[in-house]
Structures are given as C-alpha cells and as structure tokens.
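Participant: Questions regarding the structure given below will be posed in turn.
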Amino acid sequence: MLNRVAYWGGAVKRIVVGIALLVAATPCASAQNFLHFPDISAWQVGTGVDYSVGSYGDTRDTTVVSVPLDAKIQLDRLRLAVTIPYLDITGPGTLVGDVIVDTGTVNTRTGLGDINVGAAYLVSADADTPALEVEGFAKLPTAETGLGTGKVDYVAQANLYHALTPQFTLFGSIGYQWLSDFSTFDLKNGIVASAGLNLKVSDDTSIGFSVNFRQESFDSRGDTQTLSPYVMWNFVEHWRLTGYGTVGTGDASPNYGGGMRLIVYR
C-alpha cells in the first residue's frame, strides 16, 4: 500500500544539487550582516519527467508520472528551493506526499500536485571534516482532488558531503519526516536517510549512485529501500542534463522507475 517514491526530486537529488550549488557559490566564511541581503552565489532552474511503477502489496500496479518545475537559488550559505509538479497517476494508489496509499479504486488522476518548498543552511564547508548542511522542507496542500491529502507534511534533516579526491565525493543525509494522516490511514512519522558516491569522470560528466531508506510508514508494510544510479552531463556551458534509475525491494518500495532533468544554471 505504501511507498516512499524515490523521485529525482527526493533526498538524493537535494544533496547532489546542493553539492553543485555550494561548489559554485564559494560561500563567505564570516557571519552575514542582518541588514545586508546576501549576494546570489548560484542558481538553477530545471524541468523533466519522473516515472515509477509499483504494486505496493496490491495485485495491481500503480504508475506515477511527474513533470516538475524545479528552482533553486544559493545566497551565500543559504539555499532556497521550490518544486511544482504536474502529476498523472494510474492505478489503485494515491500519492500522499512522497508515499503511496492503496485506496483500492483503479482510476487515472491528472493535475497539479503538492508544491514542495525548502531551505538549507551550510554550517561548515568541506575541509578536513565533511561539509555539514541543515535542511528543512515542507509539502504544501496544493494538489488537485485525488492527488494529495490537503495537509502539510514536513522533513528536517542534516546533509553531509566530503571530497575524498577531486574526482570522488561521498554524500549522505539523515533526518525525520512527519506525515499527516490521510482518510482512514494512520501514517507513521519516521527516519529518512541516504548515502552515495559521486564520481567526476571528466570536466563535463559525473556518475554516481545512492541508497535510500525510509522507516516504515504504515503498519505491516516494512521499510522503504531503493537504489538509484545517476549521471550528470554538462553538455554546453550553463546547461546540464541528468538521468537516473530506481529499483526497490519489498512491498513498501517501487518495483522500478527513472527520470531525467534538463537544467540551466549559473
């Protein structure tokens, strides 16, 4: 019935995007003057498509297609982000934030999804110890009927990354997600975590993978566990193409999925 959908708009995406923006930003080490609005260090806007298929304990699959508009801006140490998705869901499952609830009714719903907004602050840059970033984001109840719960969900987490060499970067996150109950479904709050490796294979191309975890969201469905390989290609100056795949294990995970983004950045 339930799944933490491993979209590229999930935890791993936020960490990888954070690495790219923070490297470009070169944030100031001193405290900001509260009367001075920080300079824009970096920004990016992107769109693409995310796709996943899973049975989630049912005999029938639920297919989710999302076409998001992503925007992010780095203001010295502060990063702000918003994602506006357009959704198409077919099957008995209903998307509740980033989990799937099996309502038992097979149909197709299309329309605006829940908007996600977030902010992250770089506590310490990558040096002798890994960089530390604290982040919070919320799902706002903007989805059309059948595409959301009409309630707000929250996540707070810490992101870490460390460059072992100019080519190898380790990254990860640990946090907690608060889910609002939906209809007769008593959803569980729980731990979210991810870990991965990014390899810069050339000046223009990086590849990597992440493993992703979400503590059980619903009784008897177990934890969500997925593996997501990805590639990022800067095909011309200030333009990036990314692609990823996802495979999951257990009733709480998608069977498979994937997606891509076309991003313009400065």
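By order of appearance in the structure tokens: chains A, B, ..., then residues from 1 within every chain, and ligands from 1 in the order shown.
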Out of segment 165-220 of chain A, which residues get strand (DSSP E) from DSSP, as JSON, numbers by chain?

Facilitator: {"A": [168, 169, 170, 171, 172, 173, 174, 175, 176, 177, 178, 190, 191, 192, 193, 194, 195, 196, 197, 198, 199, 200, 205, 206, 207, 208, 209, 210, 211, 212, 213, 214]}

Participant: May I have the selected residues written with N, CA and C atoms, as a tab-separated table (two decimals), in the first residue's frame?

Facilitator:
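The resulting part_27.tsv:
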chain	number	residue	atom	x	y	z
A	168	PHE	N	36.30	12.03	-6.45
A	168	PHE	CA	35.38	11.24	-5.63
A	168	PHE	C	34.79	12.08	-4.50
A	169	THR	N	33.47	12.09	-4.42
A	169	THR	CA	32.78	12.77	-3.33
A	169	THR	C	31.77	11.81	-2.70
A	170	LEU	N	31.86	11.66	-1.39
A	170	LEU	CA	30.87	10.91	-0.64
A	170	LEU	C	29.80	11.87	-0.13
A	171	PHE	N	28.53	11.42	-0.10
A	171	PHE	CA	27.47	12.28	0.41
A	171	PHE	C	26.43	11.43	1.13
A	172	GLY	N	25.66	12.07	1.99
A	172	GLY	CA	24.62	11.36	2.70
A	172	GLY	C	23.74	12.31	3.48
A	173	SER	N	22.67	11.77	4.04
A	173	SER	CA	21.75	12.58	4.83
A	173	SER	C	21.08	11.70	5.87
A	174	ILE	N	20.65	12.33	6.96
A	174	ILE	CA	19.87	11.67	7.99
A	174	ILE	C	18.84	12.67	8.50
A	175	GLY	N	17.59	12.25	8.59
A	175	GLY	CA	16.57	13.19	9.01
A	175	GLY	C	15.32	12.49	9.52
A	176	TYR	N	14.26	13.27	9.67
A	176	TYR	CA	13.00	12.76	10.20
A	176	TYR	C	11.86	13.37	9.42
A	177	GLN	N	10.86	12.56	9.07
A	177	GLN	CA	9.72	13.00	8.29
A	177	GLN	C	8.44	12.88	9.11
A	178	TRP	N	7.64	13.95	9.08
A	178	TRP	CA	6.34	13.97	9.74
A	178	TRP	C	5.25	13.91	8.67
A	190	GLY	N	8.75	9.04	10.66
A	190	GLY	CA	9.90	8.13	10.68
A	190	GLY	C	11.18	8.73	10.17
A	191	ILE	N	12.23	7.95	10.32
A	191	ILE	CA	13.58	8.35	9.92
A	191	ILE	C	13.73	8.20	8.40
A	192	VAL	N	14.38	9.17	7.79
A	192	VAL	CA	14.76	9.09	6.38
A	192	VAL	C	16.28	9.23	6.30
A	193	ALA	N	16.89	8.50	5.39
A	193	ALA	CA	18.35	8.54	5.28
A	193	ALA	C	18.76	8.16	3.87
A	194	SER	N	19.95	8.60	3.49
A	194	SER	CA	20.52	8.23	2.19
A	194	SER	C	22.03	8.32	2.27
A	195	ALA	N	22.70	7.61	1.36
A	195	ALA	CA	24.16	7.66	1.27
A	195	ALA	C	24.54	7.34	-0.16
A	196	GLY	N	25.64	7.95	-0.63
A	196	GLY	CA	26.03	7.70	-2.01
A	196	GLY	C	27.42	8.18	-2.34
A	197	LEU	N	27.78	7.95	-3.58
A	197	LEU	CA	29.10	8.30	-4.10
A	197	LEU	C	28.95	9.00	-5.43
A	198	ASN	N	29.64	10.13	-5.60
A	198	ASN	CA	29.67	10.84	-6.87
A	198	ASN	C	31.09	10.78	-7.45
A	199	LEU	N	31.19	10.38	-8.72
A	199	LEU	CA	32.47	10.27	-9.40
A	199	LEU	C	32.50	11.20	-10.60
A	200	LYS	N	33.45	12.13	-10.61
A	200	LYS	CA	33.61	13.04	-11.74
A	200	LYS	C	34.53	12.36	-12.75
A	205	THR	N	31.22	15.53	-17.05
A	205	THR	CA	30.36	14.40	-16.73
A	205	THR	C	30.66	13.83	-15.35
A	206	SER	N	29.59	13.55	-14.60
A	206	SER	CA	29.70	12.85	-13.32
A	206	SER	C	28.70	11.70	-13.30
A	207	ILE	N	29.08	10.62	-12.63
A	207	ILE	CA	28.19	9.50	-12.42
A	207	ILE	C	28.19	9.17	-10.93
A	208	GLY	N	27.18	8.44	-10.50
A	208	GLY	CA	27.13	8.07	-9.09
A	208	GLY	C	25.95	7.19	-8.79
A	209	PHE	N	25.79	6.91	-7.50
A	209	PHE	CA	24.63	6.13	-7.07
A	209	PHE	C	24.31	6.52	-5.63
A	210	SER	N	23.09	6.19	-5.23
A	210	SER	CA	22.67	6.42	-3.85
A	210	SER	C	21.82	5.26	-3.38
A	211	VAL	N	21.89	4.99	-2.09
A	211	VAL	CA	20.96	4.06	-1.45
A	211	VAL	C	20.08	4.90	-0.53
A	212	ASN	N	18.77	4.60	-0.51
A	212	ASN	CA	17.81	5.46	0.16
A	212	ASN	C	16.93	4.63	1.09
A	213	PHE	N	16.61	5.18	2.25
A	213	PHE	CA	15.87	4.45	3.28
A	213	PHE	C	14.80	5.35	3.88
A	214	ARG	N	13.62	4.77	4.12
A	214	ARG	CA	12.58	5.44	4.88
A	214	ARG	C	11.97	4.42	5.84

Participant: Any idea what's packed within 7 Å of segment 105-118 of chain A, counting only C-alpha atoms, ignoring anything in its chain fewer than 4 positions away? Could you give it as a list in words?

Facilitator: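 With the cut-off at 7 Å, the set is Leu80, Ala81, Val82, Thr83, Ile84, Pro85, Tyr86, Leu87, Asp88, Ile89, Thr90, Gly91, Pro92, Gly136, Phe137, Ala138, Lys139, Leu140, Pro141, Thr142, Ala143, Glu144, Gly146, Leu147 and Gly148 of chain A.
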
Participant: Could you build a table of the residues in segment 31-81 of chain A lying no more than 10 Å from segment 234-239 of chain A, giving for each the nearest pair of atoms and their separation in Å rounded to one decimal place, using only C-alpha atoms, ordered by chain and ascending residue number, as JSON lines?

Facilitator:
{"residue": "A:Gln44", "atom": "CA", "partner": "A:His238", "partner_atom": "CA", "distance": 9.1}
{"residue": "A:Val45", "atom": "CA", "partner": "A:Trp239", "partner_atom": "CA", "distance": 9.9}
{"residue": "A:Gly46", "atom": "CA", "partner": "A:Trp239", "partner_atom": "CA", "distance": 9.6}

Participant: Could those residues be written to a file, using C-alpha atoms, as an mmCIF file, in the first residue's frame?

Facilitator:
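Okay, part06.cif is ready:
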data_model
loop_
_atom_site.group_PDB
_atom_site.id
_atom_site.type_symbol
_atom_site.label_atom_id
_atom_site.label_comp_id
_atom_site.auth_asym_id
_atom_site.auth_seq_id
_atom_site.Cartn_x
_atom_site.Cartn_y
_atom_site.Cartn_z
ATOM 1 C CA GLN A 44 19.385 26.836 -11.330
ATOM 2 C CA VAL A 45 16.022 26.087 -12.961
ATOM 3 C CA GLY A 46 15.065 22.710 -14.360
#

Participant: Residues near Gly259 of chain A, anyone? I mean within 7 Å using only C-alpha atoms, not counting same-chain ones fewer than 4 positions away, as number ranges by chain.

Facilitator: A: 8, 49-51, 243-245

Participant: Within 10 Å of Ile73 of chain A, counting only C-alpha atoms, which residues show up once you throw out same-chain ones fewer than 3 positions away? Write them as a ChimeraX atom specification, please.

Facilitator: /A:21,25,40-45,76,78-82,119,265-266

Participant: Pick from A:Asp126, A:Thr149, A:Ser228, A:Phe218: nearest to Asp186 of chain A, with only C-alpha atoms counted?

Facilitator: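 Between A:Asp126, A:Thr149, A:Ser228, A:Phe218, the residue approaching Asp186 of chain A most closely is A:Phe218.
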
Participant: Go ahead and compute the interatomic distance for atom CA of Leu241 of chain A and atom CA of Gly54 of chain A, in Å to one decimal.

Facilitator: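 Calculated distance between atom CA of Leu241 of chain A and atom CA of Gly54 of chain A is 26.0 Å.
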
Participant: Can you tell me, as a list in words, what residues are no more than 7 Å from segment 127-135 of chain A when counting only C-alpha atoms, ignoring any on the same chain fewer than 5 positions away?

Facilitator: Ala119, Ala120, Tyr121, Leu122, Ala156, Gln157, Ala158, Asn159, Leu160, Tyr161 and His162 of chain A

Participant: Record the distance separating atom CA of Gly258 of chain A and atom CA of Asp203 of chain A, expressed in Å with one decimal.

Facilitator: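 Atom-to-atom, atom CA of Gly258 of chain A to atom CA of Asp203 of chain A, that is 24.7 Å.
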
Participant: A:Thr242, A:Thr165, A:Thr59, A:Thr249: which is nearest Leu227 of chain A, counting only C-alpha atoms?

Facilitator: A:Thr249

Participant: Determine which residues of segment 22-229 of chain A receive a DSSP assignment of helix (DSSP H, G or I), computed from the backbone, and state them as a PyMOL selection string.

Facilitator: chain A and resi 22-25

Participant: What gap, in Å, lies between atom CA of Asp223 of chain A and atom CA of Ser55 of chain A?

Facilitator: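 According to the coordinates, atom CA of Asp223 of chain A and atom CA of Ser55 of chain A are separated by 15.1 Å.
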
Participant: Which residue is closest to Lys151 of chain A? Choose from A:Thr224, A:Ser124, A:Ser180, A:Thr62 and count only C-alpha atoms.

Facilitator: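 Between A:Thr224, A:Ser124, A:Ser180, A:Thr62, the residue approaching Lys151 of chain A most closely is A:Ser180.
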